[in-house]
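Take a look at the structure set out below.
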Amino acid sequence: MKKISILWFSLKELKHNFVMLLISFLLLTSILTAAFFVSVASSDLIGSFFDYISSSSYKTSGEKGFSFTLNGLQYTALDTVSDLPFISVIPDDIMVRSSDFYYNGNELGDHNIMAHYPNPKGKIRIISGTDLTKEVIDSELIWISEQFSEKTNCKTGDIIANNISSNLTVEYKVAGIFEGDDDIDAFLPFGTYYKTMEKAGFYIGTTMTGTISDVANYKKMSAELKKRGIHSESNYDEEIKAITLMDLLLQALFVVVVIAGIWTFSNLCSIILNNRKRFIIHLQILGMKPIQALSVYGFIIIAISMLAFLLAILFSNIFSVYIIDLAKKIYPELGKMEVNIASQLVKGIVVFLITICLVLVRSYKNIRSTELISQLSEVQ
Amino acid sequence: MNISLKERINDHRDRNFTYKKSFSAGGKTITAANDISLCINKGEFVSIIGRSGSGKSTFLHLIGGLLPCDSGKIIVNNHDITTMNANRLAEYRLKETGFVFQAFNLEHQYSVYDNVRIALVIAGVPWSEHRKKIEYALKQVGLEEKINVKAANLSGGEQQRVAIARAIINEPDLILADEPCGNLDSENSKMIMDLLSCMNKSGKTVIVVTHDMIDASRAERLIEISDGVIVKDEKNINTMV
């Protein structure tokens, strides 16, 4: 039997069963729209939350993202994490033992001296002399504050010594003066300090802060750091766990609603086929093969399902965009919410294929029979 | 059962095979057709008669591939249909047989044209040939003027004639009619039997199941079945025209 013949029968049956098929179509579309809306809204809300806390993080840290605190690492650990997708990894500033430092024979134990990592966003503003950049990270230089310079008459080019041990003294040349800071009197480059202390046989463990851009990297990063045996904490660990759990629950709800939709649709198709059983048996008596009889109804089922899924994805996204706009009017500080059409389409295709398989298998069981005449007697 | 439907050749070997068909009903096994063995030649007009429940419809349905056989063979034009799967049986019914039922089995919401057309569509006949064939078939049964009428609006006799037109449209060699006049009055019954006689005269093998002796007397051969067993098989010397 040719395809156009099947199409002819399909159109005839569509006309004959129009009301039932319309009801099935509307039910399937409604249920799937609700399911996809839950899924899309969940992704939107979660994405928005992460974007929001990223923005909050930006206000305090100067860098937008989620920060990981990596504890107890040595300076060289920067190399071991350099392949990970951090936006930046910056060791926290360290307060050094200032009693070891001397200027013009005077101990600087009353002053605060730090080992500092170059920060492009610049916590410290250099007002004269050389800037602290990554190029000078290992050099034996030191920067002093305005107040320290005035108090001690120390200036650019002078030498400040670090008596690390009885047989090790390192001299740092003053490279520049930075804007007054009540907390810090002087700072060394980070690398310089570490290497000096290592030379002297001292272990310095530090805390590093790594910043990542989004939640996808967050999960990957947590897993990778754990695998490398690096202890880490994030500033939003608890919130992220709660949000991830909420996402899982909403996705589970999506699955349950989809299953309900598919089962309802499948049952309605079974009712339609039962109502048309007499006709289907006649067709087989006249010589139609069981698979051809299935194709007649299969064509209708596939067409209805495909249309229902496409409309469900469309409507769910329209509703989501509407809700997002409404939410932003009420809470303008909410982060960016984007609808991921590609993932919705993939979900839609998977669910569509499962629907078709289930409904067609059930339909074929209804249609296929070796004792046509017994079945005909039952329905007459 | 060996029903052999073939050319007029005496082959006594066929008569040694038997077929059987049993049904389960209310916890009991009922043998509808028991040890039936016969040979029907091409072009014969056979009436199968018997009381209700004698197994005559079962006999017809087995030949038509509508019921599987418990044991034995059914050979139609050298093909054993008892070994065919569902798809092959569908092909057999499509190409070799035409069915006429007591209940007409038309699609009431379809027109006469579409009811007859169903058989052509299933057979894959080119769409350009449909109208010509349908008009010819309806002309043979005298319903060419009602081609666009809905089947639900036809009388019983007219519906049965449409069923006959549908049964013959693909030009099968074998017409199987199960109580074709069961729901009709005497006038319409005569009309239907006339049509079946015509089919037979044009070379088709016609097997009619009926409990009405008047209808049965139109055939050239009478086979009587009782309790699933053939009790009589004889030429009808008093064939009515």
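We name chains A, B, ... following the order of the structure tokens; residues begin at 1 in each chain, and ligands are numbered from 1 as shown.
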Neighbours of chain A in chain B at 7 Å, counting only C-alpha atoms, as an MDAnalysis selection string: chainID B and resid 66:68 86:87 90:91 93:94 119 121:124
Selected residues, N, CA and C atoms, written as a PDB file, in the first residue's frame, please.
```pdb
ATOM      1  N   LEU B  66      -9.318 -16.108   8.112  1.00  0.00           N
ATOM      2  CA  LEU B  66      -9.720 -15.239   9.225  1.00  0.00           C
ATOM      3  C   LEU B  66      -9.585 -15.938  10.565  1.00  0.00           C
ATOM      4  N   LEU B  67      -9.374 -17.246  10.512  1.00  0.00           N
ATOM      5  CA  LEU B  67      -9.164 -18.029  11.722  1.00  0.00           C
ATOM      6  C   LEU B  67      -7.997 -18.971  11.489  1.00  0.00           C
ATOM      7  N   PRO B  68      -7.147 -19.166  12.505  1.00  0.00           N
ATOM      8  CA  PRO B  68      -6.094 -20.160  12.326  1.00  0.00           C
ATOM      9  C   PRO B  68      -6.647 -21.563  12.552  1.00  0.00           C
ATOM     10  N   ALA B  86       0.658 -13.401   9.391  1.00  0.00           N
ATOM     11  CA  ALA B  86      -0.405 -12.377   9.303  1.00  0.00           C
ATOM     12  C   ALA B  86      -0.297 -11.565   8.021  1.00  0.00           C
ATOM     13  N   ASN B  87       0.933 -11.208   7.640  1.00  0.00           N
ATOM     14  CA  ASN B  87       1.100 -10.378   6.441  1.00  0.00           C
ATOM     15  C   ASN B  87       0.755 -11.149   5.172  1.00  0.00           C
ATOM     16  N   ALA B  90      -2.912 -11.496   4.881  1.00  0.00           N
ATOM     17  CA  ALA B  90      -3.528 -10.245   4.428  1.00  0.00           C
ATOM     18  C   ALA B  90      -3.426 -10.138   2.905  1.00  0.00           C
ATOM     19  N   GLU B  91      -2.268 -10.507   2.394  1.00  0.00           N
ATOM     20  CA  GLU B  91      -2.078 -10.484   0.931  1.00  0.00           C
ATOM     21  C   GLU B  91      -3.004 -11.472   0.238  1.00  0.00           C
ATOM     22  N   ARG B  93      -5.912 -12.570   1.314  1.00  0.00           N
ATOM     23  CA  ARG B  93      -7.285 -12.040   1.341  1.00  0.00           C
ATOM     24  C   ARG B  93      -7.459 -10.921   0.323  1.00  0.00           C
ATOM     25  N   LEU B  94      -6.431 -10.104   0.179  1.00  0.00           N
ATOM     26  CA  LEU B  94      -6.504  -8.958  -0.737  1.00  0.00           C
ATOM     27  C   LEU B  94      -6.602  -9.420  -2.184  1.00  0.00           C
ATOM     28  N   ALA B 119     -11.202  -0.878  -0.881  1.00  0.00           N
ATOM     29  CA  ALA B 119     -10.535  -2.082  -1.390  1.00  0.00           C
ATOM     30  C   ALA B 119      -9.468  -1.730  -2.424  1.00  0.00           C
ATOM     31  N   VAL B 121      -7.820   1.158  -2.591  1.00  0.00           N
ATOM     32  CA  VAL B 121      -6.731   1.877  -1.918  1.00  0.00           C
ATOM     33  C   VAL B 121      -5.796   0.879  -1.247  1.00  0.00           C
ATOM     34  N   ILE B 122      -6.387  -0.114  -0.581  1.00  0.00           N
ATOM     35  CA  ILE B 122      -5.553  -1.122   0.090  1.00  0.00           C
ATOM     36  C   ILE B 122      -4.721  -1.891  -0.934  1.00  0.00           C
ATOM     37  N   ALA B 123      -5.316  -2.159  -2.095  1.00  0.00           N
ATOM     38  CA  ALA B 123      -4.616  -2.928  -3.125  1.00  0.00           C
ATOM     39  C   ALA B 123      -3.560  -2.112  -3.853  1.00  0.00           C
ATOM     40  N   GLY B 124      -3.550  -0.797  -3.608  1.00  0.00           N
ATOM     41  CA  GLY B 124      -2.542   0.050  -4.251  1.00  0.00           C
ATOM     42  C   GLY B 124      -2.831   0.315  -5.716  1.00  0.00           C
TER      43      GLY B 124
END
```
Length of the CA of Gly98 (chain B) to CA of Thr205 (chain B) vector [Å]: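 Taking CA of Gly98 (chain B) as the start and CA of Thr205 (chain B) as the end point, the length is 10.3 Å.
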Selection: 12 Å around Val255 (chain A), only C-alpha atoms, excl. self and same-chain fewer than 2 positions, as JSON, numbers by chain: {"A": [31, 32, 34, 35, 36, 38, 39, 248, 249, 250, 251, 252, 253, 257, 258, 259, 260, 261, 262, 347, 348, 350, 351]}
Coordinates-based distance that separates CA of Ser266 (chain A) from CA of Leu28 (chain A) (Å, one decimal): 9.7 Å
Selection near region 132-145 of chain B, 7 Å with only C-alpha atoms, sequence-local residues under 3 positions removed, as number ranges by chain: B: 113, 116-117, 129, 161, 165, 169, 195
Writing out the chosen residues with N, CA and C atoms as a PDB file, in the first residue's frame:
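Written output follows (out.pdb):
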```
ATOM      1  N   TYR B 113     -19.187   5.383  -2.813  1.00  0.00           N
ATOM      2  CA  TYR B 113     -17.939   5.482  -3.576  1.00  0.00           C
ATOM      3  C   TYR B 113     -16.745   5.150  -2.696  1.00  0.00           C
ATOM      4  N   VAL B 116     -16.462   1.421  -1.498  1.00  0.00           N
ATOM      5  CA  VAL B 116     -15.902   0.511  -2.510  1.00  0.00           C
ATOM      6  C   VAL B 116     -14.428   0.838  -2.741  1.00  0.00           C
ATOM      7  N   ARG B 117     -14.133   2.127  -2.644  1.00  0.00           N
ATOM      8  CA  ARG B 117     -12.766   2.595  -2.912  1.00  0.00           C
ATOM      9  C   ARG B 117     -11.753   2.008  -1.924  1.00  0.00           C
ATOM     10  N   GLU B 129      -7.279   5.216 -11.818  1.00  0.00           N
ATOM     11  CA  GLU B 129      -8.168   4.139 -12.285  1.00  0.00           C
ATOM     12  C   GLU B 129      -9.369   3.927 -11.362  1.00  0.00           C
ATOM     13  N   ARG B 161     -25.400  -4.990  -1.654  1.00  0.00           N
ATOM     14  CA  ARG B 161     -24.907  -4.895  -3.034  1.00  0.00           C
ATOM     15  C   ARG B 161     -23.599  -4.087  -3.084  1.00  0.00           C
ATOM     16  N   ALA B 165     -20.025  -5.293  -4.433  1.00  0.00           N
ATOM     17  CA  ALA B 165     -19.192  -4.495  -5.338  1.00  0.00           C
ATOM     18  C   ALA B 165     -17.779  -4.358  -4.772  1.00  0.00           C
ATOM     19  N   ILE B 169     -14.284  -5.891  -6.598  1.00  0.00           N
ATOM     20  CA  ILE B 169     -13.604  -4.817  -7.330  1.00  0.00           C
ATOM     21  C   ILE B 169     -12.148  -5.154  -7.658  1.00  0.00           C
ATOM     22  N   LEU B 195     -26.910 -11.958  -8.099  1.00  0.00           N
ATOM     23  CA  LEU B 195     -25.591 -11.349  -8.298  1.00  0.00           C
ATOM     24  C   LEU B 195     -24.487 -12.374  -8.103  1.00  0.00           C
TER      25      LEU B 195
END
```
Which of region 206-318 of chain A fall in strand (DSSP E), as a ChimeraX atom specification: /A:206-212,232-234
